[in-house]
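K.L.:
Input structure: target.csv, which contains CSV, C-alpha atoms and all ligand atoms.
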```csv
chain,number,residue,atom,x,y,z
A,1,MET,CA,11.6,-2.1,-4.1
A,2,LYS,CA,10.5,-2.0,-0.5
A,3,TRP,CA,6.8,-1.5,0.2
A,4,ILE,CA,5.4,0.1,3.3
A,5,VAL,CA,1.6,-0.1,3.3
A,6,CYS,CA,0.0,2.3,5.8
A,7,GLN,CA,-3.5,2.5,7.1
A,8,GLY,CA,-4.1,6.0,5.8
A,9,TYR,CA,-2.5,9.2,4.4
A,10,GLU,CA,-1.4,10.6,7.8
A,11,THR,CA,0.5,7.5,8.8
A,12,MET,CA,2.1,7.3,5.3
A,13,CYS,CA,3.4,10.8,5.7
A,14,GLN,CA,4.5,10.2,9.3
A,15,LYS,CA,6.5,7.1,8.3
A,16,ALA,CA,8.0,8.7,5.2
A,17,GLY,CA,8.9,11.7,7.4
A,18,GLU,CA,10.7,9.5,9.8
A,19,GLN,CA,12.9,8.2,7.0
A,20,PHE,CA,13.8,11.7,6.0
A,21,LYS,CA,14.5,12.6,9.7
A,22,ALA,CA,16.8,9.6,10.1
A,23,PHE,CA,18.6,10.4,6.9
A,24,LEU,CA,19.2,14.1,7.9
A,25,SER,CA,20.4,13.0,11.4
A,26,GLN,CA,23.1,10.9,9.6
A,27,LYS,CA,23.8,13.5,6.9
A,28,PRO,CA,22.8,17.1,8.0
A,29,ASP,CA,24.2,18.6,4.8
A,30,GLY,CA,22.3,16.1,2.6
A,31,VAL,CA,20.9,16.9,-0.9
A,32,LEU,CA,17.2,16.2,-1.2
A,33,GLY,CA,15.1,15.9,-4.3
A,34,LEU,CA,11.6,17.3,-3.8
A,35,ALA,CA,8.2,17.1,-5.4
A,36,THR,CA,5.1,19.1,-5.7
A,37,GLY,CA,1.4,17.9,-6.1
A,38,SER,CA,-0.9,16.9,-3.3
A,39,SER,CA,0.9,13.8,-2.2
A,40,PRO,CA,3.8,15.5,-0.3
A,41,LEU,CA,1.7,18.1,1.5
A,42,GLY,CA,1.3,15.9,4.7
A,43,LEU,CA,5.0,15.2,4.6
A,44,TYR,CA,5.8,18.9,4.4
A,45,ASP,CA,3.6,19.5,7.4
A,46,TYR,CA,5.6,16.9,9.2
A,47,PHE,CA,8.8,18.7,8.3
A,48,ALA,CA,7.4,22.0,9.5
A,49,ARG,CA,6.2,20.5,12.8
A,50,GLN,CA,9.5,18.8,13.4
A,51,THR,CA,11.4,21.9,12.7
A,52,ALA,CA,9.3,24.0,15.1
A,53,ALA,CA,9.9,21.3,17.8
A,54,GLY,CA,13.7,21.5,17.1
A,55,ALA,CA,13.7,17.9,16.0
A,56,MET,CA,14.7,18.5,12.4
A,57,ASP,CA,17.3,20.9,11.1
A,58,PHE,CA,17.4,22.0,7.4
A,59,SER,CA,20.1,24.7,7.9
A,60,ARG,CA,22.7,22.8,5.9
A,61,VAL,CA,20.4,21.0,3.5
A,62,THR,CA,20.2,21.6,-0.3
A,63,THR,CA,17.1,20.8,-2.3
A,64,PHE,CA,16.4,20.3,-6.0
A,65,ASN,CA,12.8,20.2,-7.2
A,66,LEU,CA,11.7,17.8,-10.0
A,67,ASP,CA,9.8,20.1,-12.3
A,68,GLU,CA,8.1,23.4,-13.2
A,69,TYR,CA,5.5,24.5,-15.7
A,70,VAL,CA,6.6,26.3,-18.9
A,71,PRO,CA,6.1,29.2,-19.4
A,72,MET,CA,5.7,30.1,-15.8
A,73,ALA,CA,7.0,33.1,-13.8
A,74,GLU,CA,8.5,32.3,-10.4
A,75,ASP,CA,6.1,34.5,-8.5
A,76,HIS,CA,3.0,33.2,-10.1
A,77,PRO,CA,0.7,31.5,-7.5
A,78,GLN,CA,0.6,28.3,-9.6
A,79,SER,CA,4.3,28.1,-10.1
A,80,TYR,CA,6.0,25.2,-8.4
A,81,ARG,CA,8.5,27.7,-6.9
A,82,TYR,CA,5.6,29.5,-5.2
A,83,PHE,CA,4.2,26.1,-4.1
A,84,MET,CA,7.5,25.1,-2.5
A,85,ASP,CA,8.1,28.5,-0.8
A,86,HIS,CA,4.5,28.5,0.5
A,87,ASN,CA,4.1,24.9,1.6
A,88,LEU,CA,7.7,24.1,2.8
A,89,PHE,CA,10.6,26.5,2.5
A,90,SER,CA,9.0,29.3,4.5
A,91,ARG,CA,8.1,26.9,7.3
A,92,ILE,CA,11.5,25.3,7.8
A,93,ASN,CA,15.0,26.7,8.6
A,94,ILE,CA,16.4,26.2,5.1
A,95,ASP,CA,18.7,28.8,3.4
A,96,PRO,CA,16.6,29.9,0.4
A,97,GLY,CA,19.8,30.1,-1.6
A,98,ASN,CA,20.1,26.4,-1.3
A,99,THR,CA,16.7,25.6,-2.8
A,100,PHE,CA,16.6,25.0,-6.5
A,101,VAL,CA,13.5,24.7,-8.7
A,102,PRO,CA,13.9,24.4,-12.5
A,103,LYS,CA,13.0,27.8,-14.1
A,104,GLY,CA,9.9,27.9,-16.2
A,105,GLU,CA,11.2,30.3,-18.8
A,106,GLU,CA,11.8,28.9,-22.2
A,107,THR,CA,15.3,30.3,-22.4
A,108,LEU,CA,16.6,28.1,-19.6
A,109,SER,CA,19.4,25.7,-20.1
A,110,CYS,CA,18.2,22.3,-19.0
A,111,SER,CA,21.6,20.6,-18.9
A,112,GLU,CA,22.7,23.4,-16.5
A,113,TYR,CA,20.2,22.0,-13.9
A,114,ASP,CA,21.8,18.5,-14.2
A,115,GLN,CA,25.2,20.0,-13.9
A,116,MET,CA,24.2,21.9,-10.7
A,117,ILE,CA,22.9,18.7,-9.2
A,118,ARG,CA,26.2,16.9,-10.0
A,119,LYS,CA,28.2,19.9,-8.6
A,120,ARG,CA,26.5,19.5,-5.3
A,121,GLY,CA,27.4,15.8,-5.2
A,122,GLY,CA,24.2,14.4,-6.6
A,123,ILE,CA,20.8,13.8,-4.9
A,124,ASP,CA,21.0,11.7,-1.8
A,125,LEU,CA,17.3,11.1,-1.2
A,126,GLN,CA,14.7,11.8,-3.9
A,127,LEU,CA,11.0,12.2,-3.0
A,128,LEU,CA,8.5,11.3,-5.7
A,129,GLY,CA,4.8,11.2,-6.2
A,130,VAL,CA,3.3,9.4,-9.2
A,131,GLY,CA,0.8,10.7,-11.8
A,132,HIS,CA,-2.4,8.6,-12.5
A,133,ASN,CA,-0.8,7.7,-15.8
A,134,GLY,CA,2.4,6.6,-14.1
A,135,HIS,CA,4.4,9.7,-14.8
A,136,ILE,CA,7.2,10.7,-12.4
A,137,GLY,CA,8.3,14.3,-12.4
A,138,PHE,CA,6.7,15.3,-15.7
A,139,ASN,CA,8.2,12.3,-17.6
A,140,GLU,CA,5.0,11.3,-19.4
A,141,PRO,CA,4.2,7.8,-20.8
A,142,GLY,CA,5.1,7.3,-24.5
A,143,GLU,CA,7.3,5.4,-26.9
A,144,ARG,CA,10.4,7.1,-25.6
A,145,LEU,CA,11.7,8.6,-22.4
A,146,ILE,CA,14.3,11.3,-22.0
A,147,ALA,CA,17.4,10.9,-19.8
A,148,GLY,CA,18.3,14.4,-18.8
A,149,THR,CA,16.4,17.5,-17.6
A,150,HIS,CA,14.3,18.6,-20.6
A,151,ILE,CA,11.2,20.5,-21.7
A,152,THR,CA,8.2,18.3,-22.4
A,153,LYS,CA,4.6,18.5,-23.5
A,154,LEU,CA,2.1,17.4,-20.9
A,155,ALA,CA,-0.3,14.6,-21.5
A,156,PRO,CA,-4.0,15.6,-21.8
A,157,SER,CA,-4.8,13.5,-18.6
A,158,THR,CA,-2.1,15.4,-16.7
A,159,LEU,CA,-3.6,18.7,-17.8
A,160,SER,CA,-7.0,17.7,-16.6
A,161,ALA,CA,-5.6,16.2,-13.3
A,162,ASN,CA,-3.7,19.4,-12.5
A,163,ALA,CA,-6.6,21.8,-13.6
A,164,ARG,CA,-7.9,21.4,-10.0
A,165,PHE,CA,-5.0,23.6,-8.8
A,166,PHE,CA,-5.9,26.4,-11.2
A,167,GLY,CA,-8.7,28.9,-11.0
A,168,GLU,CA,-11.8,28.8,-13.2
A,169,GLY,CA,-11.0,29.9,-16.7
A,170,GLU,CA,-7.2,29.8,-15.9
A,171,ARG,CA,-5.3,27.9,-18.5
A,172,VAL,CA,-3.0,25.0,-17.3
A,173,PRO,CA,0.4,25.4,-19.1
A,174,ASP,CA,0.8,22.5,-21.5
A,175,LYS,CA,4.5,22.3,-21.2
A,176,ALA,CA,6.9,21.8,-18.4
A,177,VAL,CA,10.6,21.4,-17.6
A,178,THR,CA,11.4,18.2,-15.7
A,179,MET,CA,14.3,16.2,-14.4
A,180,GLY,CA,14.7,13.4,-16.9
A,181,MET,CA,14.6,9.7,-16.1
A,182,ALA,CA,18.4,9.4,-15.6
A,183,THR,CA,18.4,12.5,-13.4
A,184,ILE,CA,15.9,10.9,-11.2
A,185,MET,CA,17.4,7.4,-11.3
A,186,SER,CA,20.9,8.7,-10.4
A,187,ALA,CA,19.6,9.7,-6.9
A,188,LYS,CA,21.3,7.4,-4.3
A,189,GLU,CA,18.0,6.6,-2.7
A,190,ILE,CA,14.3,7.2,-3.7
A,191,LEU,CA,11.2,7.5,-1.6
A,192,VAL,CA,7.8,7.3,-3.3
A,193,LEU,CA,4.4,8.4,-1.9
A,194,ILE,CA,1.3,6.9,-3.4
A,195,GLY,CA,-2.1,7.6,-1.8
A,196,GLY,CA,-5.8,7.1,-2.8
A,197,ARG,CA,-7.7,4.4,-4.7
A,198,ASP,CA,-7.3,6.3,-8.0
A,199,LYS,CA,-3.6,5.4,-8.0
A,200,HIS,CA,-4.3,1.7,-7.7
A,201,PRO,CA,-3.5,1.0,-11.4
A,202,VAL,CA,-0.1,2.5,-11.0
A,203,VAL,CA,0.5,0.3,-7.8
A,204,ASN,CA,-0.5,-2.7,-9.9
A,205,ALA,CA,2.0,-1.7,-12.6
A,206,LEU,CA,4.7,-1.4,-9.9
A,207,LEU,CA,3.8,-4.7,-8.4
A,208,ASP,CA,4.1,-6.7,-11.6
A,209,ASP,CA,7.4,-7.5,-13.3
A,210,GLY,CA,7.2,-5.2,-16.3
A,211,VAL,CA,9.3,-2.2,-17.1
A,212,THR,CA,7.7,0.0,-19.7
A,213,THR,CA,8.0,3.5,-21.1
A,214,HIS,CA,4.2,3.5,-21.1
A,215,CYS,CA,4.4,3.7,-17.3
A,216,PRO,CA,7.6,5.6,-16.4
A,217,ALA,CA,7.3,4.8,-12.7
A,218,THR,CA,8.0,1.1,-13.6
A,219,PHE,CA,11.6,2.2,-14.3
A,220,LEU,CA,12.0,2.5,-10.5
A,221,LYS,CA,12.2,-1.3,-10.4
A,222,LEU,CA,15.7,-0.9,-11.9
A,223,HIS,CA,16.9,1.2,-8.9
A,224,PRO,CA,18.5,-0.6,-6.0
A,225,ARG,CA,17.1,1.6,-3.2
A,226,VAL,CA,13.5,2.5,-3.6
A,227,THR,CA,10.9,2.6,-0.7
A,228,ILE,CA,7.3,3.0,-1.6
A,229,TYR,CA,5.0,4.4,1.1
A,230,CYS,CA,1.4,3.8,0.1
A,231,ASP,CA,-2.0,3.8,1.8
A,232,LYS,CA,-4.3,0.8,1.9
A,233,GLU,CA,-6.7,2.4,-0.7
A,234,ALA,CA,-3.9,2.7,-3.3
A,235,TYR,CA,-2.6,-0.8,-2.5
A,236,GLU,CA,-5.8,-2.7,-2.4
A,237,GLY,CA,-7.9,-0.6,-4.9
C,1,LIG,C1,2.3,16.3,-10.9
C,1,LIG,C2,3.8,16.5,-10.7
C,1,LIG,C3,4.4,15.3,-10.1
C,1,LIG,C4,3.5,14.7,-9.0
C,1,LIG,C5,2.3,14.1,-9.7
C,1,LIG,C6,1.3,13.6,-8.8
C,1,LIG,O1,1.8,16.6,-12.1
C,1,LIG,N1,4.5,16.9,-11.8
C,1,LIG,O2,5.7,15.6,-9.6
C,1,LIG,O3,4.2,13.8,-8.3
C,1,LIG,O4,1.8,15.0,-10.7
C,1,LIG,O5,0.5,14.6,-8.2
C,1,LIG,P1,-0.4,14.3,-6.9
C,1,LIG,O6,0.5,14.1,-5.8
C,1,LIG,O7,-1.2,15.6,-6.8
C,1,LIG,O8,-1.3,13.2,-7.3
```
As structure tokens - that is how I would like this structure written.
P.N.:
Amino acid sequence: MKWIVCQGYETMCQKAGEQFKAFLSQKPDGVLGLATGSSPLGLYDYFARQTAAGAMDFSRVTTFNLDEYVPMAEDHPQSYRYFMDHNLFSRINIDPGNTFVPKGEETLSCSEYDQMIRKRGGIDLQLLGVGHNGHIGFNEPGERLIAGTHITKLAPSTLSANARFFGEGERVPDKAVTMGMATIMSAKEILVLIGGRDKHPVVNALLDDGVTTHCPATFLKLHPRVTIYCDKEAYEG
């Protein structure tokens, strides 16, 4: 794993953005894996600014998002589809038909999502944030992790962490559909954003030598091409 420790959140997003920019200049029709949450917001601002300046071109890019709540309608303001449309897709020159977010209806076929990724040649560069409990996507800590895209029950700590995005009295869905560990690990390259002192325990778990289902992010140690961009607060605690 390559670590890039930055002074603060803005520098972290700038540096990560430069890696995406360099990647797309090499492969303008690349397949990106994308994430939601607060961590990527600065990076998505960078993409929007670069697109406006004509310095990044997403016209031939395909994207696959990590996860979505279940049950969740696509047009619900808390859906990850809405999040992506609002925070990124509407601000860059991407073809909406090339943006994929798992569907939050219970009838969906999860294996179809993995097939779609494979059909597009696999993910070239996967963006990840990490949960406070070490989850990636919505692969929560436990005795057992799941390989493919699947529906999962969210951990109580995830529910309370994500409650901040919902209005008062609004219920946070307690299930989600998420890319599985193998889906994520089969990306050719992975870029992780970790910001804030509260993520320091996850940084520690990534810095030691252990790999454990109780901190799914530690599986990233088994991947040959991972770059972690983190700020000083997350790194030093
Ligand atoms: C969420 C998402 C993850 C995200 C993580 C961290 O629950 N499912 O994909 O990376 O938690 O979120 P944040 O960046 O807001 O800390």
K.L.:
List all protein, DNA and RNA residues that have any atom at most 9 Å from ligand LIG 1 (chain C), counting only C-alpha atoms and all ligand atoms, and write the list as a ChimeraX atom specification.
P.N.:
/A:34-41,65-69,127-132,134-139,154,158-159,161-162,176,178,192-196,199
K.L.:
Considering only C-alpha atoms, can you say which of A:Gly180, A:Pro216, A:Gly210, A:Pro28 comes closest to Ala147 (chain A)?
P.N.:
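Answer, going by the shortest atom-to-atom distance: A:Gly180.
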K.L.:
Can you tell me which residues surround Ile228 (chain A) at a distance of at most 12 Å, considering all atoms listed in the file, apart from same-chain residues fewer than 6 positions away, and format the answer as a ChimeraX atom specification?
P.N.:
/A:1-6,12-13,15-16,19,126-130,189-195,202-203,206-207,217,220-221,234-235
K.L.:
With distances taken over all atoms listed in the file, which of A:Asp208, A:Glu10, A:Asp57, A:Glu74 is nearest to Leu43 (chain A)?
P.N.:
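Result for the nearest residue to Leu43 (chain A): A:Glu10.
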K.L.:
At what distance in Å, to one decimal, does CA of Pro96 (chain A) lie from CA of Glu112 (chain A)?
P.N.:
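That distance, rounded to one decimal, is 19.1 Å.
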K.L.:
Find, counting only C-alpha atoms, the residue in A:Ala187, A:Leu24, A:Ala52, A:Ile117 that gets nearest to Ser90 (chain A).
P.N.:
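When distances to Ser90 (chain A) are compared using only C-alpha atoms, the smallest one comes from A:Ala52.
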K.L.:
For Pro201 (chain A), which residue out of A:Tyr229, A:Asn133, A:Gln7, A:Ser111 is the nearest one, using all atoms listed in the file?
P.N.:
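Under the stated criterion, the closest residue is A:Asn133.
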K.L.:
Go through A:Thr227, A:Ala182, A:Asp174, A:Gly42 and flag the residue nearest Ile146 (chain A), using all atoms listed in the file for the distances.
P.N.:
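Result for the nearest residue to Ile146 (chain A): A:Ala182.
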K.L.:
From (7.8, 26.1, 0.1), in the file's coordinates, out to 12 Å: which residues are reached, counting all atoms listed in the file? Answer as number ranges by chain.
P.N.:
A: 34-36, 40-41, 44-45, 47-48, 63, 65, 77, 79-96, 99-101
K.L.:
Just to be explicit: take each residue in the selection above, keep C-alpha atoms, and write the result as a JSON list (two decimals), keeping the file's coordinate frame.
P.N.:
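out-v1.json was written with the following content:
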```json
[["chain", "number", "residue", "atom", "x", "y", "z"],
["A", 34, "LEU", "CA", 11.60, 17.30, -3.80],
["A", 35, "ALA", "CA", 8.20, 17.10, -5.40],
["A", 36, "THR", "CA", 5.10, 19.10, -5.70],
["A", 40, "PRO", "CA", 3.80, 15.50, -0.30],
["A", 41, "LEU", "CA", 1.70, 18.10, 1.50],
["A", 44, "TYR", "CA", 5.80, 18.90, 4.40],
["A", 45, "ASP", "CA", 3.60, 19.50, 7.40],
["A", 47, "PHE", "CA", 8.80, 18.70, 8.30],
["A", 48, "ALA", "CA", 7.40, 22.00, 9.50],
["A", 63, "THR", "CA", 17.10, 20.80, -2.30],
["A", 65, "ASN", "CA", 12.80, 20.20, -7.20],
["A", 77, "PRO", "CA", 0.70, 31.50, -7.50],
["A", 79, "SER", "CA", 4.30, 28.10, -10.10],
["A", 80, "TYR", "CA", 6.00, 25.20, -8.40],
["A", 81, "ARG", "CA", 8.50, 27.70, -6.90],
["A", 82, "TYR", "CA", 5.60, 29.50, -5.20],
["A", 83, "PHE", "CA", 4.20, 26.10, -4.10],
["A", 84, "MET", "CA", 7.50, 25.10, -2.50],
["A", 85, "ASP", "CA", 8.10, 28.50, -0.80],
["A", 86, "HIS", "CA", 4.50, 28.50, 0.50],
["A", 87, "ASN", "CA", 4.10, 24.90, 1.60],
["A", 88, "LEU", "CA", 7.70, 24.10, 2.80],
["A", 89, "PHE", "CA", 10.60, 26.50, 2.50],
["A", 90, "SER", "CA", 9.00, 29.30, 4.50],
["A", 91, "ARG", "CA", 8.10, 26.90, 7.30],
["A", 92, "ILE", "CA", 11.50, 25.30, 7.80],
["A", 93, "ASN", "CA", 15.00, 26.70, 8.60],
["A", 94, "ILE", "CA", 16.40, 26.20, 5.10],
["A", 95, "ASP", "CA", 18.70, 28.80, 3.40],
["A", 96, "PRO", "CA", 16.60, 29.90, 0.40],
["A", 99, "THR", "CA", 16.70, 25.60, -2.80],
["A", 100, "PHE", "CA", 16.60, 25.00, -6.50],
["A", 101, "VAL", "CA", 13.50, 24.70, -8.70]]
```
K.L.:
At a cut-off of 9 Å around the point (12.1, 24.0, -17.1) (file coordinates), what residues fall inside when counting all atoms listed in the file? I'd like the answer as a short mmCIF file (atom, residue, chain, number, x, y, z; two decimals) with C-alpha atoms, in the frame of the given file.
P.N.:
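Saved file part-v9.cif follows:
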```cif
data_model
loop_
_atom_site.label_atom_id
_atom_site.label_comp_id
_atom_site.auth_asym_id
_atom_site.auth_seq_id
_atom_site.Cartn_x
_atom_site.Cartn_y
_atom_site.Cartn_z
CA ASP A 67 9.80 20.10 -12.30
CA GLU A 68 8.10 23.40 -13.20
CA TYR A 69 5.50 24.50 -15.70
CA VAL A 70 6.60 26.30 -18.90
CA PRO A 71 6.10 29.20 -19.40
CA MET A 72 5.70 30.10 -15.80
CA VAL A 101 13.50 24.70 -8.70
CA PRO A 102 13.90 24.40 -12.50
CA LYS A 103 13.00 27.80 -14.10
CA GLY A 104 9.90 27.90 -16.20
CA GLU A 105 11.20 30.30 -18.80
CA GLU A 106 11.80 28.90 -22.20
CA THR A 107 15.30 30.30 -22.40
CA LEU A 108 16.60 28.10 -19.60
CA SER A 109 19.40 25.70 -20.10
CA CYS A 110 18.20 22.30 -19.00
CA TYR A 113 20.20 22.00 -13.90
CA THR A 149 16.40 17.50 -17.60
CA HIS A 150 14.30 18.60 -20.60
CA ILE A 151 11.20 20.50 -21.70
CA THR A 152 8.20 18.30 -22.40
CA LYS A 175 4.50 22.30 -21.20
CA ALA A 176 6.90 21.80 -18.40
CA VAL A 177 10.60 21.40 -17.60
CA THR A 178 11.40 18.20 -15.70
CA MET A 179 14.30 16.20 -14.40
#
```
K.L.:
If you measure from CA of Ser59 (chain A) to CA of Lys188 (chain A), what distance in Å do you get, rounded to one decimal?
P.N.:
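Distance reported for this atom pair: 21.2 Å.
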K.L.:
Extract, using all atoms listed in the file, all DNA, RNA and protein residues at most 10 Å from Gly30 (chain A), discarding same-chain residues fewer than 4 positions from it, and format them as JSON, numbers by chain.
P.N.:
{"A": [23, 24, 25, 26, 58, 60, 61, 62, 63, 120, 121, 122, 123, 124, 125]}
K.L.:
Report the distance between CA of Gln14 (chain A) and CA of Arg197 (chain A) in Å, rounded to one decimal place.
P.N.:
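We find that CA of Gln14 (chain A) and CA of Arg197 (chain A) lie 19.5 Å from each other.
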K.L.:
Which one is closest to Met181 (chain A): A:Phe20, A:Tyr46, A:Tyr9, A:Phe219? Count all atoms listed in the file.
P.N.:
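Checking each candidate against Met181 (chain A), we get A:Phe219 as the closest.
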K.L.:
Please write region 187-196 of chain A of the preceding block to a file containing all heavy atoms, as a PDB file, in the first residue's frame?
P.N.:
```pdb
ATOM      1  N   ALA A 187     -10.857  -4.736  -8.780  1.00  0.00           N
ATOM      2  CA  ALA A 187     -10.489  -3.501  -9.475  1.00  0.00           C
ATOM      3  C   ALA A 187      -8.981  -3.535  -9.743  1.00  0.00           C
ATOM      4  O   ALA A 187      -8.210  -4.024  -8.917  1.00  0.00           O
ATOM      5  CB  ALA A 187     -10.835  -2.293  -8.616  1.00  0.00           C
ATOM      6  N   LYS A 188      -8.578  -2.989 -10.890  1.00  0.00           N
ATOM      7  CA  LYS A 188      -7.149  -3.049 -11.238  1.00  0.00           C
ATOM      8  C   LYS A 188      -6.326  -2.164 -10.306  1.00  0.00           C
ATOM      9  O   LYS A 188      -5.181  -2.454  -9.994  1.00  0.00           O
ATOM     10  CB  LYS A 188      -6.951  -2.645 -12.696  1.00  0.00           C
ATOM     11  CG  LYS A 188      -7.644  -3.644 -13.637  1.00  0.00           C
ATOM     12  CD  LYS A 188      -7.685  -3.170 -15.083  1.00  0.00           C
ATOM     13  CE  LYS A 188      -8.554  -4.089 -15.923  1.00  0.00           C
ATOM     14  NZ  LYS A 188      -9.918  -3.600 -16.125  1.00  0.00           N
ATOM     15  N   GLU A 189      -6.918  -1.075  -9.866  1.00  0.00           N
ATOM     16  CA  GLU A 189      -6.219  -0.164  -8.967  1.00  0.00           C
ATOM     17  C   GLU A 189      -7.234   0.449  -8.003  1.00  0.00           C
ATOM     18  O   GLU A 189      -8.396   0.660  -8.387  1.00  0.00           O
ATOM     19  CB  GLU A 189      -5.531   0.925  -9.792  1.00  0.00           C
ATOM     20  CG  GLU A 189      -4.690   1.830  -8.963  1.00  0.00           C
ATOM     21  CD  GLU A 189      -3.668   2.644  -9.765  1.00  0.00           C
ATOM     22  OE1 GLU A 189      -3.757   2.648 -11.006  1.00  0.00           O
ATOM     23  OE2 GLU A 189      -2.823   3.275  -9.120  1.00  0.00           O
ATOM     24  N   ILE A 190      -6.807   0.731  -6.776  1.00  0.00           N
ATOM     25  CA  ILE A 190      -7.728   1.261  -5.758  1.00  0.00           C
ATOM     26  C   ILE A 190      -7.133   2.519  -5.122  1.00  0.00           C
ATOM     27  O   ILE A 190      -5.925   2.580  -4.852  1.00  0.00           O
ATOM     28  CB  ILE A 190      -8.008   0.184  -4.674  1.00  0.00           C
ATOM     29  CG1 ILE A 190      -8.683  -1.038  -5.316  1.00  0.00           C
ATOM     30  CG2 ILE A 190      -8.892   0.741  -3.550  1.00  0.00           C
ATOM     31  CD1 ILE A 190      -8.980  -2.186  -4.370  1.00  0.00           C
ATOM     32  N   LEU A 191      -7.989   3.499  -4.931  1.00  0.00           N
ATOM     33  CA  LEU A 191      -7.588   4.764  -4.308  1.00  0.00           C
ATOM     34  C   LEU A 191      -8.508   4.991  -3.097  1.00  0.00           C
ATOM     35  O   LEU A 191      -9.727   4.964  -3.237  1.00  0.00           O
ATOM     36  CB  LEU A 191      -7.757   5.850  -5.372  1.00  0.00           C
ATOM     37  CG  LEU A 191      -7.263   7.258  -5.130  1.00  0.00           C
ATOM     38  CD1 LEU A 191      -7.063   7.963  -6.463  1.00  0.00           C
ATOM     39  CD2 LEU A 191      -8.202   8.036  -4.258  1.00  0.00           C
ATOM     40  N   VAL A 192      -7.919   5.196  -1.933  1.00  0.00           N
ATOM     41  CA  VAL A 192      -8.715   5.329  -0.707  1.00  0.00           C
ATOM     42  C   VAL A 192      -8.540   6.732  -0.121  1.00  0.00           C
ATOM     43  O   VAL A 192      -7.410   7.237  -0.045  1.00  0.00           O
ATOM     44  CB  VAL A 192      -8.270   4.296   0.361  1.00  0.00           C
ATOM     45  CG1 VAL A 192      -9.269   4.242   1.514  1.00  0.00           C
ATOM     46  CG2 VAL A 192      -8.099   2.909  -0.246  1.00  0.00           C
ATOM     47  N   LEU A 193      -9.652   7.345   0.302  1.00  0.00           N
ATOM     48  CA  LEU A 193      -9.601   8.649   0.959  1.00  0.00           C
ATOM     49  C   LEU A 193      -9.951   8.478   2.430  1.00  0.00           C
ATOM     50  O   LEU A 193     -11.015   7.932   2.754  1.00  0.00           O
ATOM     51  CB  LEU A 193     -10.648   9.590   0.351  1.00  0.00           C
ATOM     52  CG  LEU A 193     -10.467  10.052  -1.092  1.00  0.00           C
ATOM     53  CD1 LEU A 193     -11.663  10.910  -1.492  1.00  0.00           C
ATOM     54  CD2 LEU A 193      -9.174  10.840  -1.247  1.00  0.00           C
ATOM     55  N   ILE A 194      -9.060   8.932   3.319  1.00  0.00           N
ATOM     56  CA  ILE A 194      -9.357   8.838   4.754  1.00  0.00           C
ATOM     57  C   ILE A 194      -9.052  10.185   5.414  1.00  0.00           C
ATOM     58  O   ILE A 194      -7.897  10.626   5.436  1.00  0.00           O
ATOM     59  CB  ILE A 194      -8.530   7.736   5.462  1.00  0.00           C
ATOM     60  CG1 ILE A 194      -8.594   6.416   4.694  1.00  0.00           C
ATOM     61  CG2 ILE A 194      -9.039   7.533   6.888  1.00  0.00           C
ATOM     62  CD1 ILE A 194      -7.802   5.276   5.325  1.00  0.00           C
ATOM     63  N   GLY A 195     -10.085  10.825   5.917  1.00  0.00           N
ATOM     64  CA  GLY A 195      -9.878  12.132   6.540  1.00  0.00           C
ATOM     65  C   GLY A 195     -10.472  12.200   7.942  1.00  0.00           C
ATOM     66  O   GLY A 195     -11.490  11.573   8.227  1.00  0.00           O
ATOM     67  N   GLY A 196      -9.820  12.962   8.824  1.00  0.00           N
ATOM     68  CA  GLY A 196     -10.376  13.237  10.156  1.00  0.00           C
ATOM     69  C   GLY A 196      -9.855  12.305  11.224  1.00  0.00           C
ATOM     70  O   GLY A 196      -9.606  11.119  10.987  1.00  0.00           O
TER      71      GLY A 196
END
```
